[in-house]
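What follows is the content of query.cif, which has mmCIF, C-alpha atoms and all ligand atoms:
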data_my_file
loop_
_atom_site.label_atom_id
_atom_site.label_comp_id
_atom_site.auth_asym_id
_atom_site.auth_seq_id
_atom_site.Cartn_x
_atom_site.Cartn_y
_atom_site.Cartn_z
CA LEU T 1 10.61 -16.13 -6.15
CA PHE T 2 7.49 -16.35 -8.31
CA ILE T 3 6.51 -12.83 -9.33
CA ILE T 4 3.23 -11.68 -10.88
CA GLY T 5 3.23 -8.06 -12.09
CA THR T 6 5.97 -6.34 -14.03
CA GLY T 7 4.52 -2.82 -13.91
CA LEU T 8 6.03 0.11 -12.05
CA ILE T 9 6.67 -1.81 -8.82
CA GLY T 10 7.40 -5.17 -10.47
CA LYS T 11 10.08 -3.90 -12.81
CA THR T 12 11.71 -1.76 -10.12
CA LEU T 13 11.82 -4.81 -7.84
CA LEU T 14 13.48 -6.86 -10.59
CA SER T 15 16.13 -4.21 -11.03
CA GLN T 16 16.73 -3.91 -7.25
CA ILE T 17 17.10 -7.71 -6.94
CA ASP T 18 19.44 -7.78 -9.93
CA SER T 19 21.75 -5.15 -8.45
CA GLN T 20 21.69 -6.60 -4.90
CA ARG T 21 21.87 -10.30 -5.74
CA ASP T 22 25.66 -10.71 -5.55
CA TYR T 23 25.86 -8.69 -2.32
CA LEU T 24 23.22 -10.88 -0.64
CA LEU T 25 24.97 -14.02 -1.77
CA GLU T 26 28.34 -12.84 -0.51
CA HIS T 27 27.30 -11.14 2.74
CA SER T 28 24.19 -13.05 3.84
CA GLY T 29 24.44 -16.33 1.98
CA ILE T 30 21.06 -15.67 0.39
CA ASP T 31 20.85 -16.95 -3.18
CA ILE T 32 17.81 -15.27 -4.73
CA ARG T 33 16.48 -16.92 -7.85
CA ILE T 34 13.45 -15.93 -9.85
CA ALA T 35 11.79 -19.13 -11.00
CA GLY T 36 8.65 -17.62 -12.54
CA VAL T 37 7.44 -14.24 -13.78
CA ALA T 38 4.14 -13.11 -15.28
CA ASN T 39 2.24 -10.03 -16.25
CA SER T 40 -1.29 -9.94 -17.66
CA ARG T 41 0.00 -10.99 -21.11
CA TYR T 42 2.90 -13.40 -20.74
CA MET T 43 4.56 -15.73 -18.29
CA MET T 44 7.77 -17.73 -18.15
CA PHE T 45 9.52 -20.15 -15.81
CA ASN T 46 12.93 -21.61 -15.14
CA ARG T 47 13.36 -23.81 -12.09
CA GLU T 48 17.10 -22.99 -11.95
CA GLY T 49 16.39 -19.26 -12.04
CA LEU T 50 15.74 -16.85 -14.90
CA GLU T 51 18.47 -14.43 -16.03
CA ILE T 52 17.14 -11.42 -14.10
CA SER T 53 18.59 -8.67 -16.30
CA SER T 54 16.84 -10.02 -19.41
CA ILE T 55 13.46 -11.00 -17.91
CA LEU T 56 11.61 -7.97 -19.24
CA ASN T 57 13.01 -8.42 -22.76
CA GLU T 58 12.39 -12.17 -22.77
CA LEU T 59 8.91 -12.14 -21.25
CA PRO T 60 7.08 -11.42 -24.56
CA ASN T 61 8.60 -14.69 -25.86
CA GLY T 62 6.93 -16.57 -23.01
CA ASP T 63 3.58 -18.36 -22.85
CA THR T 64 0.23 -16.60 -22.74
CA SER T 65 -0.42 -15.56 -19.17
CA SER T 66 -2.90 -17.38 -16.94
CA VAL T 67 -2.97 -16.78 -13.19
CA GLU T 68 -4.36 -20.26 -12.58
CA PHE T 69 -1.66 -21.90 -14.69
CA PHE T 70 1.06 -19.77 -13.08
CA ILE T 71 0.05 -20.90 -9.61
CA SER T 72 -0.32 -24.56 -10.66
CA ARG T 73 3.12 -24.49 -12.24
CA MET T 74 4.60 -22.85 -9.15
CA THR T 75 3.12 -25.52 -6.87
CA GLU T 76 4.08 -28.37 -9.24
CA LEU T 77 7.69 -27.19 -9.24
CA ASN T 78 7.56 -27.58 -5.45
CA LEU T 79 10.83 -25.70 -4.97
CA PRO T 80 12.08 -25.26 -1.41
CA ASN T 81 11.75 -21.79 0.17
CA SER T 82 9.42 -20.48 -2.54
CA ILE T 83 7.91 -17.01 -2.15
CA PHE T 84 5.00 -15.74 -4.24
CA ILE T 85 4.96 -11.98 -4.95
CA ASP T 86 1.77 -10.31 -6.16
CA ASN T 87 2.82 -6.95 -7.63
CA THR T 88 -0.60 -6.16 -9.09
CA ALA T 89 -3.72 -4.33 -7.91
CA ASN T 90 -5.76 -7.22 -9.31
CA ALA T 91 -8.75 -8.58 -7.36
CA ILE T 92 -8.64 -12.13 -8.80
CA ILE T 93 -5.06 -13.07 -7.82
CA PRO T 94 -5.75 -12.76 -4.04
CA ILE T 95 -8.49 -15.43 -4.42
CA PHE T 96 -5.59 -17.89 -4.83
CA TYR T 97 -3.74 -16.82 -1.66
CA GLU T 98 -5.25 -19.62 0.51
CA LYS T 99 -4.24 -22.21 -2.06
CA ILE T 100 -0.71 -20.79 -2.20
CA LEU T 101 -0.30 -20.69 1.58
CA GLN T 102 -1.73 -24.23 1.83
CA LYS T 103 1.20 -25.31 -0.34
CA ASN T 104 3.62 -23.81 2.21
CA ILE T 105 4.55 -20.91 -0.06
CA SER T 106 4.93 -17.51 1.64
CA ILE T 107 3.30 -14.44 0.07
CA VAL T 108 4.59 -10.87 -0.20
CA THR T 109 2.38 -8.21 -1.75
CA PRO T 110 1.78 -4.48 -2.11
CA ASN T 111 -1.75 -5.38 -3.31
CA LYS T 112 -4.28 -4.14 -0.71
CA VAL T 113 -7.18 -6.30 -1.88
CA ALA T 114 -6.72 -9.22 0.55
CA ALA T 115 -5.76 -7.32 3.71
CA SER T 116 -8.67 -4.88 3.26
CA SER T 117 -11.28 -7.51 2.35
CA SER T 118 -13.58 -8.91 5.07
CA TYR T 119 -12.07 -9.24 8.53
CA ASP T 120 -12.73 -12.99 8.49
CA ARG T 121 -10.70 -13.39 5.33
CA TYR T 122 -7.88 -11.15 6.59
CA ARG T 123 -7.74 -13.16 9.80
CA SER T 124 -7.96 -16.57 8.17
CA LEU T 125 -5.09 -15.76 5.77
CA ASN T 126 -2.91 -14.59 8.65
CA LEU T 127 -3.90 -17.62 10.74
CA LEU T 128 -3.19 -20.00 7.88
CA ALA T 129 0.29 -18.51 7.38
CA LYS T 130 0.93 -18.85 11.11
CA GLN T 131 -0.28 -22.46 11.23
CA LYS T 132 1.93 -23.31 8.27
CA ASN T 133 4.87 -21.46 9.84
CA ILE T 134 5.27 -19.35 6.72
CA GLN T 135 4.74 -15.62 6.06
CA PHE T 136 1.97 -13.49 4.58
CA LEU T 137 3.54 -10.00 4.40
CA TYR T 138 2.02 -6.82 3.03
CA GLU T 139 4.06 -4.01 4.63
CA THR T 140 3.74 -1.91 1.45
CA ASN T 141 -0.09 -1.85 1.70
CA VAL T 142 0.25 1.24 3.92
CA GLY T 143 2.88 3.96 3.54
CA ALA T 144 4.79 2.14 0.76
CA GLY T 145 8.26 1.27 2.11
CA LEU T 146 7.83 2.94 5.51
CA PRO T 147 8.08 0.41 8.38
CA ILE T 148 4.56 0.96 9.70
CA LEU T 149 2.91 -2.48 9.90
CA SER T 150 6.10 -4.12 11.18
CA THR T 151 6.35 -1.43 13.89
CA ILE T 152 2.75 -1.99 14.98
CA LYS T 153 3.39 -5.74 15.04
CA ALA T 154 6.55 -5.28 17.11
CA LEU T 155 4.64 -3.08 19.60
CA ASN T 156 1.84 -5.66 19.90
CA ASP T 157 4.25 -8.57 20.20
CA SER T 158 6.13 -6.85 23.01
CA GLY T 159 2.90 -6.44 24.98
CA ASP T 160 2.17 -2.79 24.23
CA ARG T 161 -1.40 -1.81 23.38
CA ILE T 162 -2.21 0.55 20.50
CA GLN T 163 -4.75 3.07 21.81
CA LYS T 164 -4.91 5.53 18.97
CA ILE T 165 -3.52 6.11 15.49
CA GLU T 166 -3.71 9.34 13.52
CA ALA T 167 -2.31 9.34 10.02
CA VAL T 168 -1.94 11.04 6.68
CA LEU T 169 -1.99 8.00 4.42
CA SER T 170 -2.44 9.38 0.92
CA GLY T 171 0.56 10.79 -0.93
CA SER T 172 -1.67 12.64 -3.36
CA LEU T 173 -3.94 14.22 -0.72
CA SER T 174 -0.85 15.05 1.33
CA PHE T 175 0.67 16.86 -1.66
CA ILE T 176 -2.60 18.67 -2.41
CA PHE T 177 -3.25 19.94 1.13
CA ASN T 178 0.43 20.65 1.91
CA ASN T 179 0.48 22.94 -1.13
CA TYR T 180 -2.99 24.48 -1.00
CA ASP T 181 -2.44 28.10 0.04
CA GLY T 182 -5.24 29.74 -1.92
CA SER T 183 -2.94 31.22 -4.57
CA THR T 184 -4.11 28.53 -6.99
CA ASP T 185 -7.68 27.27 -7.31
CA PHE T 186 -8.18 23.93 -5.57
CA SER T 187 -9.29 22.22 -8.80
CA LEU T 188 -6.20 23.52 -10.61
CA LEU T 189 -3.95 22.22 -7.82
CA VAL T 190 -5.58 18.78 -8.10
CA ASN T 191 -4.92 18.95 -11.84
CA GLN T 192 -1.27 19.83 -11.17
CA ALA T 193 -1.00 16.88 -8.75
CA LYS T 194 -2.38 14.66 -11.50
CA GLU T 195 0.10 16.06 -14.06
CA LYS T 196 2.99 15.41 -11.65
CA GLY T 197 1.84 11.78 -11.29
CA TYR T 198 0.90 12.13 -7.58
CA THR T 199 -2.69 11.03 -8.14
CA GLU T 200 -4.18 7.96 -9.80
CA PRO T 201 -4.94 8.52 -13.50
CA ASP T 202 -8.51 9.08 -12.27
CA PRO T 203 -8.04 11.45 -9.28
CA ARG T 204 -11.53 10.57 -7.99
CA GLU T 205 -9.94 7.37 -6.64
CA ASP T 206 -7.77 9.49 -4.33
CA LEU T 207 -10.21 12.30 -3.57
CA ASN T 208 -13.13 10.04 -2.61
CA GLY T 209 -11.11 8.86 0.41
CA LYS T 210 -11.74 5.14 -0.27
CA ASP T 211 -8.05 4.28 -0.57
CA VAL T 212 -7.35 5.95 2.79
CA MET T 213 -10.29 4.00 4.29
CA ARG T 214 -8.72 0.73 3.14
CA LYS T 215 -5.38 1.74 4.66
CA ILE T 216 -6.78 2.71 8.07
CA VAL T 217 -8.71 -0.60 8.10
CA ILE T 218 -5.44 -2.49 7.59
CA LEU T 219 -3.65 -0.44 10.29
CA THR T 220 -6.52 -0.97 12.72
CA ARG T 221 -6.56 -4.72 12.12
CA GLU T 222 -2.80 -4.91 12.61
CA ALA T 223 -3.31 -3.03 15.88
CA GLY T 224 -5.56 -5.90 16.99
CA TYR T 225 -9.06 -4.55 16.39
CA PRO T 226 -11.55 -6.44 14.18
CA VAL T 227 -12.83 -3.74 11.84
CA GLU T 228 -14.68 -3.84 8.51
CA LEU T 229 -14.45 -1.28 5.72
CA ASP T 230 -18.13 -0.40 6.26
CA ASP T 231 -17.39 0.52 9.90
CA VAL T 232 -15.15 3.43 8.84
CA VAL T 233 -16.88 6.80 9.06
CA LEU T 234 -15.88 8.85 6.04
CA SER T 235 -16.62 12.59 5.91
CA SER T 236 -15.93 13.56 2.37
CA PHE T 237 -14.85 17.16 1.83
CA LEU T 238 -16.40 17.08 -1.64
CA PRO T 239 -20.07 16.53 -2.52
CA GLU T 240 -21.24 13.32 -4.22
CA SER T 241 -21.89 15.35 -7.40
CA CYS T 242 -18.11 15.44 -7.98
CA PHE T 243 -17.91 11.67 -8.08
CA ASN T 244 -21.17 10.92 -9.94
CA VAL T 245 -19.78 11.93 -13.32
CA ASP T 246 -18.75 9.80 -16.27
CA SER T 247 -15.25 11.05 -17.02
CA VAL T 248 -12.16 12.67 -15.51
CA GLU T 249 -12.84 15.81 -17.62
CA GLU T 250 -16.35 16.13 -16.16
CA PHE T 251 -14.93 15.53 -12.68
CA PHE T 252 -12.62 18.54 -13.07
CA ILE T 253 -15.52 20.70 -14.28
CA GLU T 254 -17.57 19.63 -11.25
CA LEU T 255 -14.57 20.07 -8.95
CA SER T 256 -14.09 23.67 -10.11
CA THR T 257 -17.59 24.48 -8.78
CA GLN T 258 -16.16 23.64 -5.32
CA ASP T 259 -13.20 26.05 -5.54
CA GLY T 260 -15.06 28.70 -3.53
CA ALA T 261 -16.10 26.22 -0.82
CA MET T 262 -12.53 24.91 -0.53
CA LEU T 263 -11.18 28.46 -0.26
CA SER T 264 -13.65 29.17 2.55
CA LEU T 265 -12.43 26.07 4.41
CA LEU T 266 -8.85 27.24 3.96
CA ASN T 267 -9.66 30.76 5.17
CA VAL T 268 -11.43 29.47 8.28
CA ALA T 269 -8.38 27.29 9.03
CA ARG T 270 -6.11 30.31 8.57
CA GLU T 271 -8.18 32.43 10.94
CA ASN T 272 -7.55 29.69 13.50
CA ASN T 273 -3.80 29.63 12.66
CA ALA T 274 -4.37 26.10 11.42
CA LYS T 275 -3.71 24.06 8.28
CA LEU T 276 -5.91 21.58 6.40
CA ARG T 277 -4.89 17.92 6.47
CA PHE T 278 -6.78 14.80 5.34
CA ILE T 279 -6.47 12.54 8.37
CA ALA T 280 -7.43 8.95 9.09
CA ALA T 281 -7.89 8.24 12.76
CA MET T 282 -8.48 5.17 14.89
CA GLU T 283 -9.28 5.20 18.56
CA SER T 284 -10.03 1.95 20.41
CA GLY T 285 -10.88 0.28 17.11
CA LYS T 286 -13.23 3.03 15.81
CA CYS T 287 -12.12 4.62 12.53
CA GLN T 288 -12.81 7.99 10.95
CA VAL T 289 -11.48 9.63 7.82
CA SER T 290 -11.96 13.35 7.31
CA LEU T 291 -10.45 16.73 6.54
CA HIS T 292 -9.14 18.41 9.70
CA GLN T 293 -7.84 21.78 10.74
CA VAL T 294 -4.56 21.10 12.50
CA SER T 295 -2.86 23.66 14.74
CA GLU T 296 0.84 24.32 15.19
CA GLU T 297 1.13 21.77 18.02
CA SER T 298 -0.01 18.96 15.72
CA PRO T 299 2.69 16.74 14.17
CA PHE T 300 0.78 17.08 10.88
CA TYR T 301 1.16 20.88 10.77
CA GLY T 302 4.67 20.81 9.31
CA LEU T 303 4.03 18.05 6.79
CA THR T 304 5.56 18.82 3.38
CA SER T 305 5.73 17.42 -0.18
CA SER T 306 3.70 14.22 -0.53
CA ASP T 307 4.85 12.63 2.73
CA ASN T 308 2.82 10.16 4.74
CA MET T 309 2.84 10.37 8.52
CA VAL T 310 1.58 7.89 11.09
CA VAL T 311 1.30 8.94 14.73
CA ILE T 312 0.87 6.01 17.12
CA TYR T 313 -0.28 6.35 20.75
CA THR T 314 0.16 3.26 22.89
CA ASP T 315 0.19 2.40 26.60
CA ARG T 316 3.95 3.05 26.51
CA TYR T 317 4.04 5.86 23.93
CA CYS T 318 1.20 7.80 25.57
CA ASP T 319 2.26 11.41 26.20
CA ASN T 320 4.75 11.53 23.40
CA PRO T 321 3.59 9.41 20.45
CA LEU T 322 5.70 7.31 18.12
CA VAL T 323 5.86 9.03 14.73
CA ILE T 324 6.76 7.49 11.36
CA ARG T 325 7.09 9.90 8.47
CA GLY T 326 8.39 9.78 4.90
CA PRO T 327 7.43 9.15 1.29
CA GLY T 328 4.31 6.99 1.16
CA ALA T 329 4.44 6.23 -2.55
CA GLY T 330 6.93 5.84 -5.37
CA ALA T 331 8.41 2.94 -7.25
CA GLN T 332 11.83 2.81 -5.53
CA VAL T 333 10.57 2.93 -1.95
CA THR T 334 7.63 0.60 -2.58
CA ALA T 335 9.73 -2.01 -4.40
CA ALA T 336 12.30 -1.73 -1.60
CA GLY T 337 9.52 -2.45 0.91
CA VAL T 338 8.54 -5.57 -1.04
CA PHE T 339 12.22 -6.57 -1.24
CA SER T 340 12.63 -6.04 2.47
CA ASP T 341 9.64 -8.36 3.18
CA VAL T 342 11.35 -10.98 0.99
CA ILE T 343 14.63 -10.62 2.91
CA TYR T 344 12.72 -10.90 6.20
CA ILE T 345 11.30 -14.23 5.02
CA THR T 346 14.73 -15.55 4.07
CA LYS T 347 15.82 -14.87 7.65
CA THR T 348 12.94 -16.96 9.02
CA LEU T 349 13.87 -20.01 6.92
N1 LIG T 401 3.08 2.85 -7.35
C1 LIG T 401 3.21 3.07 -6.04
O1 LIG T 401 3.82 4.06 -5.59
C2 LIG T 401 2.61 2.08 -5.06
C3 LIG T 401 2.77 2.31 -3.68
C4 LIG T 401 2.26 1.37 -2.77
C5 LIG T 401 1.59 0.26 -3.26
N2 LIG T 401 1.43 0.10 -4.61
C6 LIG T 401 0.70 -1.09 -5.07
O2 LIG T 401 1.59 -1.90 -5.84
C7 LIG T 401 0.82 -2.67 -6.78
C8 LIG T 401 1.44 -2.53 -8.16
O3 LIG T 401 1.40 -1.16 -8.51
P1 LIG T 401 2.07 -0.63 -9.88
O4 LIG T 401 2.13 0.84 -9.72
O5 LIG T 401 3.29 -1.41 -10.17
O6 LIG T 401 0.92 -1.02 -10.93
P2 LIG T 401 1.09 -1.14 -12.52
O7 LIG T 401 2.25 -0.36 -13.01
O8 LIG T 401 -0.27 -0.87 -13.07
O9 LIG T 401 1.46 -2.69 -12.77
C9 LIG T 401 0.54 -3.72 -12.53
C10 LIG T 401 1.11 -5.01 -13.08
O10 LIG T 401 0.19 -6.05 -12.78
C11 LIG T 401 -0.01 -6.85 -13.95
N3 LIG T 401 -1.33 -7.48 -13.89
C12 LIG T 401 -2.53 -6.89 -13.72
N4 LIG T 401 -3.50 -7.82 -13.74
C13 LIG T 401 -2.89 -9.02 -13.93
C14 LIG T 401 -3.34 -10.36 -14.06
N5 LIG T 401 -4.64 -10.66 -14.01
N6 LIG T 401 -2.43 -11.33 -14.26
C15 LIG T 401 -1.10 -11.05 -14.32
N7 LIG T 401 -0.61 -9.80 -14.20
C16 LIG T 401 -1.50 -8.80 -14.01
C17 LIG T 401 0.09 -5.87 -15.08
O11 LIG T 401 0.32 -6.57 -16.28
P3 LIG T 401 0.62 -5.79 -17.68
O12 LIG T 401 2.04 -5.30 -17.58
O13 LIG T 401 0.46 -6.87 -18.69
O14 LIG T 401 -0.40 -4.71 -17.76
C18 LIG T 401 1.29 -5.03 -14.61
O15 LIG T 401 2.49 -5.68 -14.96
C19 LIG T 401 -0.62 -2.16 -6.65
O16 LIG T 401 -1.36 -3.01 -5.80
C20 LIG T 401 -0.45 -0.79 -6.01
O17 LIG T 401 -1.59 -0.38 -5.28
C21 LIG T 401 1.94 0.96 -5.51
#

Since I need it in another form, could you write the structure as structure tokens?
Amino acid sequence: LFIIGTGLIGKTLLSQIDSQRDYLLEHSGIDIRIAGVANSRYMMFNREGLEISSILNELPNGDTSSVEFFISRMTELNLPNSIFIDNTANAIIPIFYEKILQKNISIVTPNKVAASSSYDRYRSLNLLAKQKNIQFLYETNVGAGLPILSTIKALNDSGDRIQKIEAVLSGSLSFIFNNYDGSTDFSLLVNQAKEKGYTEPDPREDLNGKDVMRKIVILTREAGYPVELDDVVLSSFLPESCFNVDSVEEFFIELSTQDGAMLSLLNVARENNAKLRFIAAMESGKCQVSLHQVSEESPFYGLTSSDNMVVIYTDRYCDNPLVIRGPGAGAQVTAAGVFSDVIYITKTL
């Protein structure tokens, strides 16, 4: 493995590999070695495998980090069965994915940049991996460790057709709307979600719906429809004025001016015996992201905590949809999803 990114996901992955390494060797004959690690500051290599438990302590003694150098070194080493893992949210690293795949190195990543870029790029990366008989896996781009993309792929591969997807794809917006009962102002609840670490440090990144747009684009593409980010119709539940501010503090001040409007939305939903949920939907390749009132019959009605939920209607699952639900964020489950993609690759070797 060649791993870039030792943040929340990267370090959790290292610890999961460290504790599972002996088991995999004994029970599956898989000998996982980490031959290179980098973050934005340092990098280090060992073609025989680094001592996993001391990587984080040793990394500051490594060389100054350079993505270009890291990838050149990885390809020069030319080790059999290499896998590159991009555990960053960086936009530059995915530029190297073609080069990596060209060198017959599989890629695993929770980084959404590549899979949500232009459709042509998404398709050419997947095609390249296929031509090279290697893997480009990004299960954790949507719903963290939940088996969503692999399920859609399995449905497609078995000849089913995805007609419609409805989904709650943001852990933070799920938490906010699952807990919004009017007893606390909406802006205060968003602040609480931020304090609990459910939102990005800048909650505008969650509340503007852009992250959910990227996720529904990836789901739609995996379902076989060629969609671009610009094709997604987003109905924001907040006015632009909330996002056109210079700081998080100003955002909260602006957001508090919407407390009354949000309460009205909640009250209307209540009059209809419904609940508010921020839902991404795809039907026959057309995507929409908006706040919905959902009634008791909806699978989203009973959603709790910060869970994600994906409801898939296909030719075979038509009356009664296939539902995947569970935590859609968090270091343990996301790192486990990355790990699981790695294990999948070892089984294809
Ligand atoms: N957290 C979750 O629950 C979750 C769920 C699903 C998907 N994801 C995705 O997982 C990815 C990682 O998330 P995270 O929470 O682990 O982020 P994070 O804690 O911010 O860590 C990011 C890591 O990337 C490194 N990095 C950034 N730019 C780099 C560069 N140019 N060269 C080398 N290293 C670079 C950083 O280096 P430094 O350590 O030097 O800063 C850091 O180690 C993201 O794409 C995120 O969207 C996260």

Query raised in the report: For Met282 (chain T), which residue among T:Gly224, T:Pro60, T:Gly159, T:Gly36 is the nearest when counting only C-alpha atoms?
Result: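 Checking each of T:Gly224, T:Pro60, T:Gly159, T:Gly36 against Met282 (chain T), counting only C-alpha atoms, the winner is T:Gly224.
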
**Report entry** Among the residues T:Leu56, T:Ile345, T:Val212, T:Leu127, the one that comes closest to Asn141 (chain T) [using all atoms listed in the file]
**Finding:** T:Val212

**Report entry** Exercise: region 180-192 of chain T partners within 7 Å, all atoms listed in the file, chain neighbours under 3 positions left out, as number ranges by chain
**Finding:** T: 176-177, 195-196, 252, 255-256, 259, 262-263

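Between Leu125 (chain T) and the residues T:Leu146, T:Ala269, T:Leu137, T:Ala329, the shortest atom-to-atom distance, using only C-alpha atoms, involves T:Leu137.
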
Query - Within 9 Å of Ser117 (chain T) using all atoms listed in the file, minus same-chain residues under 5 positions, as a PyMOL selection string - result: chain T and resi 112+122+214+228-229

Determine, counting all atoms listed in the file, which protein, DNA and RNA residues have an atom within 12 Å of an atom of Ser170 (chain T); residues of the same chain fewer than 5 positions away are not included. Present the result as a compact mmCIF listing (two decimals) with C-alpha atoms, in the frame of the given file.
# COMPACT_ATOMS: atom_id res chain seq x y z
CA ASN T 141 -0.09 -1.85 1.70
CA VAL T 142 0.25 1.24 3.92
CA GLY T 143 2.88 3.96 3.54
CA ALA T 144 4.79 2.14 0.76
CA PHE T 175 0.67 16.86 -1.66
CA ILE T 176 -2.60 18.67 -2.41
CA PHE T 177 -3.25 19.94 1.13
CA ASN T 178 0.43 20.65 1.91
CA TYR T 198 0.90 12.13 -7.58
CA THR T 199 -2.69 11.03 -8.14
CA GLU T 200 -4.18 7.96 -9.80
CA PRO T 203 -8.04 11.45 -9.28
CA GLU T 205 -9.94 7.37 -6.64
CA ASP T 206 -7.77 9.49 -4.33
CA LEU T 207 -10.21 12.30 -3.57
CA ASN T 208 -13.13 10.04 -2.61
CA GLY T 209 -11.11 8.86 0.41
CA LYS T 210 -11.74 5.14 -0.27
CA ASP T 211 -8.05 4.28 -0.57
CA VAL T 212 -7.35 5.95 2.79
CA MET T 213 -10.29 4.00 4.29
CA ARG T 214 -8.72 0.73 3.14
CA LYS T 215 -5.38 1.74 4.66
CA ILE T 216 -6.78 2.71 8.07
CA ARG T 277 -4.89 17.92 6.47
CA PHE T 278 -6.78 14.80 5.34
CA ILE T 279 -6.47 12.54 8.37
CA ALA T 280 -7.43 8.95 9.09
CA VAL T 289 -11.48 9.63 7.82
CA SER T 305 5.73 17.42 -0.18
CA SER T 306 3.70 14.22 -0.53
CA ASP T 307 4.85 12.63 2.73
CA ASN T 308 2.82 10.16 4.74
CA MET T 309 2.84 10.37 8.52
CA VAL T 310 1.58 7.89 11.09
CA GLY T 326 8.39 9.78 4.90
CA PRO T 327 7.43 9.15 1.29
CA GLY T 328 4.31 6.99 1.16
CA ALA T 329 4.44 6.23 -2.55
CA GLY T 330 6.93 5.84 -5.37
